[in-house]
>>> print(open('upload_28.cif').read())   # mmCIF, C-alpha atoms
data_target
#
loop_
_atom_site.label_atom_id
_atom_site.label_comp_id
_atom_site.auth_asym_id
_atom_site.auth_seq_id
_atom_site.Cartn_x
_atom_site.Cartn_y
_atom_site.Cartn_z
CA MET A 360 0.00 0.00 0.00
CA THR A 361 1.31 3.41 -0.96
CA GLU A 362 1.47 5.70 2.00
CA HIS A 363 0.80 9.39 1.51
CA HIS A 364 0.33 12.15 4.04
CA GLY A 365 -0.75 15.69 3.25
CA SER A 366 1.88 18.37 3.20
CA GLY A 367 -0.17 20.90 5.13
CA PRO A 368 1.75 22.42 8.02
CA VAL A 369 1.22 21.41 11.62
CA ARG A 370 0.02 24.46 13.52
CA PRO A 371 3.15 26.31 14.71
CA VAL A 372 3.42 25.77 18.45
CA PRO A 373 6.80 26.58 20.07
CA HIS A 374 6.60 23.56 22.33
CA HIS A 375 3.64 21.34 23.06
CA PRO A 376 3.70 19.60 26.45
CA ALA A 377 3.49 16.18 24.76
CA ASP A 378 6.38 16.78 22.35
CA ASP A 379 9.07 15.23 24.56
CA LEU A 380 7.03 12.05 24.88
CA ALA A 381 6.35 12.06 21.13
CA ARG A 382 10.07 12.29 20.34
CA HIS A 383 10.75 9.32 22.60
CA LEU A 384 7.93 7.21 21.16
CA PHE A 385 8.32 7.94 17.46
CA GLN A 386 12.09 8.25 17.06
CA ASP A 387 12.33 4.94 15.19
CA LEU A 388 9.48 5.57 12.75
CA PRO A 389 11.22 5.36 9.36
CA ARG A 390 9.69 8.42 7.68
CA ALA A 391 9.71 12.06 8.70
CA ASP A 392 6.06 12.51 7.69
CA GLN A 393 5.09 9.55 9.90
CA ARG A 394 6.85 11.12 12.87
CA ARG A 395 5.28 14.51 12.14
CA TRP A 396 1.70 13.29 11.85
CA ALA A 397 1.94 10.74 14.68
CA THR A 398 3.07 13.66 16.86
CA ALA A 399 0.18 15.78 15.56
CA TYR A 400 -2.30 12.98 16.34
CA LEU A 401 -0.92 12.70 19.87
CA ARG A 402 -1.17 16.49 20.28
CA GLY A 403 -4.76 16.34 19.08
CA LEU A 404 -5.71 13.63 21.57
CA CYS A 405 -4.12 15.65 24.38
CA SER A 406 -5.50 19.07 23.43
CA THR A 407 -8.77 18.79 21.50
CA PRO A 408 -11.87 19.41 23.65
CA GLY A 409 -14.79 17.01 23.31
CA LYS A 410 -14.88 14.29 20.66
CA LYS A 411 -11.48 13.44 19.21
CA SER A 412 -12.58 13.12 15.58
CA VAL A 413 -9.84 13.64 13.02
CA ARG A 414 -11.59 16.81 11.82
CA ASN A 415 -11.78 18.25 15.34
CA MET A 416 -8.16 17.36 16.01
CA ALA A 417 -7.08 18.85 12.68
CA TRP A 418 -8.50 22.24 13.65
CA THR A 419 -6.50 22.03 16.89
CA VAL A 420 -3.11 21.07 15.46
CA SER A 421 -2.94 22.36 11.88
CA THR A 422 -3.70 25.30 9.60
CA SER A 423 -4.20 23.01 6.60
CA ASP A 424 -7.65 22.18 5.21
CA THR A 425 -6.41 18.67 4.40
CA ALA A 426 -4.79 17.90 7.76
CA TRP A 427 -7.71 15.69 8.78
CA GLN A 428 -6.82 13.36 5.89
CA SER A 429 -3.26 13.04 7.14
CA LEU A 430 -4.47 12.33 10.68
CA HIS A 431 -6.81 9.67 9.31
CA GLN A 432 -4.03 8.10 7.25
CA ILE A 433 -1.44 8.00 10.03
CA VAL A 434 -3.55 5.36 11.80
CA ASN A 435 -5.52 3.72 8.97
CA ALA A 436 -3.22 3.71 5.95
CA SER A 437 0.23 3.93 7.48
CA THR A 438 2.86 1.21 7.86
CA TRP A 439 4.42 1.89 11.26
CA ARG A 440 4.39 -0.93 13.78
CA TRP A 441 2.69 -0.24 17.08
CA GLU A 442 4.58 -2.86 19.15
CA PRO A 443 7.90 -0.95 19.36
CA VAL A 444 6.05 2.25 20.22
CA ARG A 445 4.24 0.48 23.05
CA ARG A 446 7.54 -0.85 24.37
CA ARG A 447 8.93 2.67 24.40
CA LEU A 448 5.78 3.90 26.13
CA ALA A 449 6.15 1.26 28.86
CA ASP A 450 9.79 2.27 29.37
CA TRP A 451 8.79 5.94 29.66
CA CYS A 452 5.95 5.21 32.11
CA VAL A 453 8.15 3.14 34.41
CA ARG A 454 10.77 5.91 34.53
CA GLN A 455 8.27 8.75 35.00
CA LEU A 456 5.65 7.17 37.29
CA PRO A 457 6.49 4.99 40.33
CA PRO A 458 4.95 1.58 39.44
CA ARG A 459 2.87 -0.43 41.91
CA ALA A 460 1.33 -3.31 39.96
CA LEU A 461 0.42 -4.64 36.54
CA VAL A 462 -3.32 -5.15 36.05
CA PRO A 463 -4.76 -6.88 32.98
CA ALA A 464 -8.42 -5.86 32.65
CA PRO A 465 -11.22 -5.83 30.05
CA VAL A 466 -12.55 -2.60 28.54
CA LEU A 467 -15.82 -2.31 26.63
CA ILE A 468 -15.86 0.22 23.77
CA PRO A 469 -19.36 1.05 22.43
CA LYS A 470 -19.58 1.08 18.63
CA ARG A 471 -22.31 1.79 16.09
CA GLY A 472 -22.69 -0.31 12.98
CA GLN A 473 -21.35 -3.77 12.21
CA HIS A 474 -18.21 -3.10 10.19
CA SER A 475 -15.51 -2.05 12.66
CA VAL A 476 -13.13 -4.88 13.50
CA GLY A 477 -14.32 -7.05 16.38
CA VAL A 478 -17.70 -5.33 16.85
CA HIS A 479 -20.41 -7.58 18.31
CA ARG A 480 -23.32 -7.55 20.75
CA ARG A 481 -22.39 -7.92 24.42
CA PHE A 482 -24.06 -7.31 27.78
CA ASP A 483 -22.55 -4.32 29.58
CA PRO A 484 -22.84 -4.74 33.38
CA ALA A 485 -22.15 -1.02 33.93
CA SER A 486 -25.20 0.12 31.97
CA GLY A 487 -27.31 -3.02 32.35
CA ARG A 488 -27.83 -3.13 28.57
CA THR A 489 -26.75 -5.25 25.64
CA LEU A 490 -25.03 -3.09 23.07
CA GLY A 491 -22.80 -3.13 20.02
CA CYS A 492 -19.18 -2.86 21.09
CA GLN A 493 -15.59 -3.89 20.79
CA TRP A 494 -14.28 -5.84 23.77
CA ALA A 495 -10.62 -5.22 24.45
CA PHE A 496 -8.17 -6.33 27.14
CA GLY A 497 -5.64 -3.79 28.34
CA LEU A 498 -2.50 -4.23 30.39
CA PHE A 499 -2.58 -1.36 32.89
CA LEU A 500 0.27 -0.04 34.96
CA ALA A 501 -1.00 1.00 38.37
CA THR A 502 1.23 3.82 39.64
CA GLU A 503 1.37 6.12 42.62
CA TYR A 504 -0.58 8.71 40.61
CA GLY A 505 -3.09 6.69 38.62
CA THR A 506 -3.31 3.87 36.10
CA THR A 507 -2.35 3.95 32.45
CA PRO A 508 -2.48 1.29 29.71
CA LEU A 509 0.68 -0.18 28.22
CA ASP A 510 -0.65 -2.79 25.80
CA TRP A 511 -3.88 -4.05 24.21
CA ARG A 512 -5.51 -7.16 22.77
CA LEU A 513 -8.80 -7.21 20.85
CA HIS A 514 -11.38 -9.97 21.27
CA LEU A 515 -12.41 -11.40 17.88
CA PRO A 516 -15.61 -13.42 18.37
CA GLY A 517 -17.60 -15.42 15.86
CA ARG A 518 -17.49 -14.03 12.35
CA TRP A 519 -14.29 -12.08 13.04
CA SER A 520 -12.47 -15.38 13.44
CA GLU A 521 -14.39 -17.45 10.88
CA ASP A 522 -15.23 -15.25 7.88
CA ALA A 523 -12.11 -15.11 5.69
CA ARG A 524 -13.41 -12.33 3.42
CA LEU A 525 -14.39 -10.17 6.37
CA ARG A 526 -11.03 -10.71 8.05
CA THR A 527 -9.18 -9.80 4.86
CA ARG A 528 -11.28 -6.64 4.47
CA VAL A 529 -10.19 -5.35 7.90
CA CYS A 530 -6.63 -6.75 7.70
CA VAL A 531 -6.80 -9.21 10.63
CA PRO A 532 -3.55 -11.24 10.72
CA GLU A 533 -3.94 -14.97 10.21
CA SER A 534 -2.52 -15.61 13.69
CA GLU A 535 -5.28 -13.62 15.39
CA ARG A 536 -8.38 -15.68 16.27
CA SER A 537 -11.01 -15.80 18.97
CA ARG A 538 -9.39 -16.49 22.32
CA ALA A 539 -10.72 -16.97 25.82
CA PRO A 540 -10.29 -14.10 28.29
CA HIS A 541 -7.59 -15.94 30.23
CA ASP A 542 -5.62 -16.51 27.01
CA LEU A 543 -5.76 -12.79 26.20
CA THR A 544 -4.62 -12.06 29.75
CA LEU A 545 -1.68 -14.44 29.42
CA ASP A 546 -0.71 -12.87 26.11
CA LEU A 547 -0.63 -9.44 27.75
CA LEU A 548 1.51 -10.73 30.59
CA ASP A 549 4.18 -11.64 28.04
CA HIS A 550 4.69 -7.90 27.51
CA PRO A 551 8.44 -7.33 27.33
CA ALA A 552 8.45 -4.54 29.91
CA ALA A 553 10.67 -5.93 32.67
CA LEU A 554 8.74 -4.86 35.74
CA GLU A 555 9.36 -6.35 39.13
CA VAL A 556 5.93 -5.46 40.40
CA PRO A 557 3.02 -7.72 41.42
CA VAL A 558 0.35 -8.78 38.95
CA LEU A 559 -3.28 -8.33 39.98
CA ALA A 560 -5.41 -10.40 37.63
CA THR A 561 -8.97 -11.71 37.50
CA ALA A 562 -10.18 -15.12 36.40
CA ALA A 563 -13.57 -14.27 34.90
CA HIS A 564 -14.57 -17.95 34.81
CA HIS A 565 -13.46 -20.98 36.80
CA THR A 566 -11.90 -22.52 33.67
CA GLY A 567 -9.32 -19.73 33.65
CA VAL A 568 -8.09 -20.19 37.22
CA GLN A 569 -5.66 -23.08 36.65
CA PRO A 570 -3.95 -21.77 33.49
CA LEU A 571 -3.58 -18.32 35.02
CA LEU A 572 -2.11 -19.69 38.24
CA ALA A 573 0.32 -21.89 36.35
CA ALA A 574 1.40 -19.06 34.06
CA LEU A 575 1.80 -16.49 36.82
CA THR A 576 3.90 -18.92 38.83
CA ALA A 577 6.05 -19.79 35.82
CA ARG A 578 6.67 -16.12 35.03
CA GLY A 579 7.98 -15.51 38.53
CA HIS A 580 5.65 -12.61 39.29
CA GLY A 581 4.29 -12.13 42.76
CA PHE A 582 0.56 -12.02 42.21
CA ALA A 583 -2.96 -11.90 43.55
CA LEU A 584 -5.58 -13.62 41.39
CA ARG A 585 -9.24 -12.84 41.93
CA VAL A 586 -11.17 -16.09 41.55
CA PRO A 587 -14.86 -16.99 41.28
CA ALA A 588 -16.51 -17.87 44.58
CA THR A 589 -17.12 -21.39 43.26
CA THR A 590 -13.42 -22.13 42.67
CA PRO A 591 -12.63 -25.43 44.46
CA VAL A 592 -9.84 -25.21 47.01
CA THR A 593 -8.28 -27.82 49.25
CA ILE A 594 -6.67 -26.94 52.56
CA GLY A 595 -2.90 -27.22 52.62
CA LEU A 596 -1.84 -25.83 55.99
CA LEU A 597 -3.94 -24.13 58.63
CA ARG A 598 -1.94 -21.80 60.86
CA PRO A 599 -2.86 -22.09 64.53
CA THR A 600 -5.12 -19.32 65.82
CA ARG A 601 -7.27 -19.03 68.91
CA HIS A 602 -10.32 -18.36 66.71
CA VAL A 603 -10.17 -21.69 64.86
CA ARG A 604 -11.97 -24.32 66.90
CA GLY A 605 -13.66 -27.59 66.16
CA PRO A 606 -13.30 -29.58 62.96
CA GLN A 607 -11.16 -27.95 60.29
CA PRO A 608 -12.36 -27.79 56.67
CA THR A 609 -11.25 -30.86 54.76
CA GLY A 610 -11.55 -31.94 51.15
CA ALA A 611 -12.25 -29.67 48.21
CA LEU A 612 -14.73 -26.89 48.90
CA PRO A 613 -15.86 -23.84 46.92
CA ALA A 614 -13.64 -20.92 47.97
CA ARG A 615 -16.47 -18.93 49.56
CA GLN A 616 -17.75 -21.94 51.49
CA PHE A 617 -14.21 -22.69 52.68
CA LEU A 618 -13.85 -19.15 54.07
CA GLN A 619 -17.31 -19.21 55.63
CA ARG A 620 -16.42 -22.39 57.50
CA LEU A 621 -13.32 -20.74 58.85
CA GLY A 622 -15.35 -17.69 59.90
CA ARG A 623 -14.49 -14.01 59.78
CA ALA A 624 -13.05 -14.07 63.30
CA ALA A 625 -10.36 -16.52 62.20
CA THR A 626 -9.08 -14.15 59.52
CA ALA A 627 -6.74 -11.24 60.11
CA PRO A 628 -7.09 -7.68 58.77
CA LEU A 629 -4.18 -6.55 56.67
CA GLY A 630 -3.95 -3.33 58.66
CA PRO A 631 -5.93 -0.72 60.63
CA ALA A 632 -6.98 1.04 57.41
CA THR A 633 -7.92 -2.20 55.66
CA SER A 634 -10.14 -3.95 58.18
CA HIS A 635 -12.50 -5.16 55.43
CA LEU A 636 -9.64 -6.86 53.58
CA ARG A 637 -8.83 -9.99 55.53
CA LEU A 638 -6.24 -12.73 55.17
CA ALA A 639 -7.17 -16.34 55.92
CA PRO A 640 -4.86 -18.26 58.29
CA ALA A 641 -4.54 -21.01 55.70
CA MET A 642 -2.68 -22.15 52.65
CA VAL A 643 -4.86 -23.79 50.03
CA HIS A 644 -4.41 -25.73 46.83
CA VAL A 645 -6.41 -25.29 43.66
CA PRO A 646 -6.54 -28.54 41.68
CA GLY A 647 -3.74 -28.34 39.15
CA SER A 648 -2.06 -25.31 40.72
CA PRO A 649 1.73 -25.56 41.14
CA ARG A 650 1.91 -24.53 44.81
CA PRO A 651 -0.21 -23.55 47.82
CA LEU A 652 -1.58 -20.03 48.03
CA GLN A 653 -3.21 -17.90 50.70
CA PRO A 654 -6.80 -16.67 50.36
CA VAL A 655 -7.60 -13.01 51.00
CA ALA A 656 -11.10 -11.57 50.80
CA THR A 657 -13.07 -8.41 51.31
CA TRP A 658 -15.21 -9.30 54.29
CA PRO A 659 -17.51 -6.66 55.82
CA PRO A 660 -18.64 -7.15 59.42
CA ASP A 661 -22.28 -7.62 58.42
CA GLY A 662 -21.90 -10.26 55.72
CA GLY A 663 -19.87 -13.04 54.23
CA PRO A 664 -16.72 -12.91 52.09
CA ARG A 665 -17.17 -11.08 48.80
CA HIS A 666 -14.22 -10.58 46.47
CA ILE A 667 -11.87 -13.56 46.91
CA TRP A 668 -8.23 -13.57 45.86
CA LEU A 669 -5.51 -16.22 45.95
CA THR A 670 -2.04 -14.82 46.46
CA ASP A 671 1.62 -15.57 47.05
CA LEU A 672 2.34 -12.01 48.24
CA PRO A 673 3.31 -11.25 51.85
CA ALA A 674 0.78 -9.40 53.98
CA ALA A 675 2.71 -6.12 53.94
CA ARG A 676 2.77 -6.09 50.13
CA LEU A 677 -0.94 -6.85 50.01
CA ALA A 678 -1.70 -4.02 52.43
CA ALA A 679 0.12 -1.59 50.14
CA LEU A 680 -2.20 -2.68 47.31
CA ALA A 681 -5.39 -2.67 49.37
CA ASP A 682 -7.07 0.05 47.32
CA LEU A 683 -6.69 -2.10 44.20
CA LEU A 684 -7.97 -5.24 45.91
CA THR A 685 -10.92 -3.90 47.89
CA VAL A 686 -13.09 -3.44 44.80
CA PRO A 687 -12.82 -5.04 41.35
CA PHE A 688 -10.26 -3.12 39.35
CA ALA A 689 -11.83 -0.65 36.93
CA PRO A 690 -9.58 1.12 34.45
CA ALA A 691 -9.73 4.90 34.41
CA ALA A 692 -12.40 4.61 31.71
CA ASP A 693 -13.62 8.21 31.91
CA SER A 694 -10.12 9.54 31.48
CA LEU A 695 -9.44 7.15 28.60
CA VAL A 696 -12.63 8.38 26.94
CA ASP A 697 -11.37 11.94 27.38
CA HIS A 698 -8.30 10.93 25.37
CA GLY A 699 -10.13 9.29 22.47
CA LEU A 700 -10.93 5.73 23.59
CA HIS A 701 -14.30 5.80 21.78
CA ASP A 702 -13.24 7.94 18.83
CA PHE A 703 -11.41 5.65 16.41
CA GLU A 704 -12.49 6.54 12.87
CA GLY A 705 -11.72 3.43 10.89
CA ARG A 706 -12.53 -0.24 10.59
CA SER A 707 -9.23 -2.09 10.30
CA TYR A 708 -7.31 -4.15 12.84
CA PRO A 709 -4.00 -2.27 12.32
CA GLY A 710 -5.80 1.09 12.48
CA TRP A 711 -7.46 0.17 15.78
CA HIS A 712 -4.12 -0.85 17.30
CA ARG A 713 -2.37 2.33 16.17
CA HIS A 714 -5.20 4.48 17.52
CA MET A 715 -5.17 2.64 20.87
CA THR A 716 -1.40 3.07 21.08
CA LEU A 717 -1.76 6.83 20.66
CA VAL A 718 -4.69 6.94 23.13
CA SER A 719 -2.46 5.14 25.65
CA ALA A 720 0.31 7.67 25.09
CA ALA A 721 -2.09 10.62 25.53
CA HIS A 722 -3.40 9.12 28.75
CA ALA A 723 0.12 8.47 30.08
CA HIS A 724 1.02 12.09 29.35
CA HIS A 725 -2.09 13.20 31.26
CA VAL A 726 -1.19 11.06 34.30
CA ARG A 727 2.39 12.37 34.29
CA THR A 728 1.19 15.98 34.02
CA ALA A 729 -1.22 15.49 36.93
CA ALA A 730 1.57 13.86 38.97
CA ALA A 731 3.90 16.80 38.32
CA ALA A 732 1.20 19.28 39.39
CA TRP A 733 0.56 17.29 42.57
CA GLN A 734 4.28 17.12 43.37
CA GLN A 735 4.66 20.87 42.83
CA ALA A 736 1.67 21.60 45.05
CA ALA A 737 3.05 19.34 47.78
#
>>> encode(input="upload_28.cif", output="structure tokens")
Amino acid sequence: MTEHHGSGPVRPVPHHPADDLARHLFQDLPRADQRRWATAYLRGLCSTPGKKSVRNMAWTVSTSDTAWQSLHQIVNASTWRWEPVRRRLADWCVRQLPPRALVPAPVLIPKRGQHSVGVHRRFDPASGRTLGCQWAFGLFLATEYGTTPLDWRLHLPGRWSEDARLRTRVCVPESERSRAPHDLTLDLLDHPAALEVPVLATAAHHTGVQPLLAALTARGHGFALRVPATTPVTIGLLRPTRHVRGPQPTGALPARQFLQRLGRAATAPLGPATSHLRLAPAMVHVPGSPRPLQPVATWPPDGGPRHIWLTDLPAARLAALADLLTVPFAPAADSLVDHGLHDFEGRSYPGWHRHMTLVSAAHAHHVRTAAAAWQQAA
């Protein structure tokens, strides 16, 4: 495919706050016009109020009447690879923002029509409605100042994996097919960013628990895995405590039932500020898991255990992550929307990935700017 970008000038701005990040991200793009318009697209995502359409962004960043075409082409008809840019983004984020944890999590992107890659009907728990959408999995870096995405995978259900003509039309690589949520999560965890931080992951279905546990253990990450309440666990070692009396749980039990038999009084709060997050005095096995793990659960005084995690992290490390464990992790969706999450104007698989890479960069720039303002105020 011949790549062409308009020659209209980018609006003369002495120095845009995102320019330093853009130079770092796009330094290896082979063509000067690619670097120029990728930088302009990033500026547009950072600076354009409201919807980040290419026409709206063009008015923000350029004096040319044809700039919107160049912004459209830099994601939809360009040739640059998004993977190296994402690796550079991860490197920048780790150096600029103190990392706490890696969190793979799904993100639902509402879409109209049936032609954008991956679009399908799915129930949205947040709105209580079934809607047309793309369903993506992001790898988020939780930092001291907020979370920001480093990498993405797109779910390709049904026709997007089976219809060869449709796949060719939107340029889906032959290697990309429909994969279960835990497989997408594992793929994200192979991200080359070398981060010695815990992984906080969720097994959406009991079938994903064993492969996730095996993979997390093999990768050497400390981790906490949120599991379904029905996940079978078998007691490995019960630590003595004055609250545990009578017969101890034996045999395989659903995780929630296992904790209920122990009782809330037998568990220990992770700290004074995290009394609802409680650690069980037990090591348990999940059938097929490589080693014993310790259950931790949110457990209010007036009810039973709610969100249940299995972890190999020490209590002090868990306490430092309590805000991420107390409720199911939700990406900073509103902020991502502010930086163009819903505004991709194209249909292709490569275009979607380039747009999401630039959205991630705009969001990382926003988090870093907010962190700098907070540090200055402090």
>>> closest_residue(input="upload_28.cif", among="A:Ala614, A:Leu695, A:Leu554, A:Val413", to="A:Leu669", atoms="only C-alpha atoms")
A:Ala614
>>> closest_residue(input="upload_28.cif", among="A:Arg471, A:Leu684, A:His722, A:Phe617", to="A:Arg585", atoms="all atoms listed in the file")
A:Leu684
>>> residues_around(input="upload_28.cif", residues="stretch 453-457 of chain A", least_positions_apart="6", cutoff="7 Å", atoms="all atoms listed in the file", output="MDAnalysis selection string")
chainID A and resid 502:503 727
>>> resolve_selection(input="upload_28.cif", expression="the PyMOL selection byres ((chain A and resi 571) around 10)", output="ChimeraX atom specification")
/A:541-542,544-545,560-562,566-570,572-577,584,648
>>> closest_residue(input="upload_28.cif", among="A:Trp658, A:Leu629, A:Pro540, A:Val643", to="A:Thr590", atoms="only C-alpha atoms")
A:Val643
>>> resolve_selection(input="upload_28.cif", expression="the PyMOL selection byres ((chain A and resi 548) around 10)", output="MDAnalysis selection string")
chainID A and resid 461:463 498 510 542:547 549:552 558 560 574:575 578 580
>>> residues_around(input="upload_28.cif", residues="A:His712", least_positions_apart="3", cutoff="8 Å", atoms="all atoms listed in the file", output="MDAnalysis selection string")
chainID A and resid 441 511 708:709 715:716
>>> residues_around(input="upload_28.cif", residues="A:Cys452", least_positions_apart="5", cutoff="12 Å", atoms="all atoms listed in the file", output="NGL selection string")
:A and (380 or 383-384 or 445-447 or 457-459 or 499-509 or 552 or 554 or 719-728 or 730)
>>> resolve_selection(input="upload_28.cif", expression="the PyMOL selection byres ((chain A and resi 430) around 12)", output="PyMOL selection string")
chain A and resi 363-367+369+392-404+411-421+423-429+431-437+703-705+710+713-714+717
>>> atom_distance(input="upload_28.cif", atom1="atom CA of A:Leu490", atom2="atom CA of A:Asp693")
18.3 Å
>>> residues_around(input="upload_28.cif", residues="A:Glu521", least_positions_apart="4", cutoff="9 Å", atoms="all atoms listed in the file", output="PyMOL selection string")
chain A and resi 516-517+525-526+536-537
>>> atom_distance(input="upload_28.cif", atom1="atom CA of A:Gln473", atom2="atom CA of A:Ser486")
20.5 Å
>>> closest_residue(input="upload_28.cif", among="A:His474, A:Arg665, A:Arg480, A:His635", to="A:Pro587", atoms="all atoms listed in the file")
A:Arg665
>>> closest_residue(input="upload_28.cif", among="A:Val718, A:Gln734, A:His514, A:Arg650", to="A:Gly699", atoms="only C-alpha atoms")
A:Val718
>>> axis_aligned_box(input="upload_28.cif", around="stretch 448-458 of chain A", padding_each_side="6 Å", output="JSON")
{"center_x": 7.9, "center_y": 5.0, "center_z": 33.2, "size_x": 17.8, "size_y": 19.5, "size_z": 26.2}
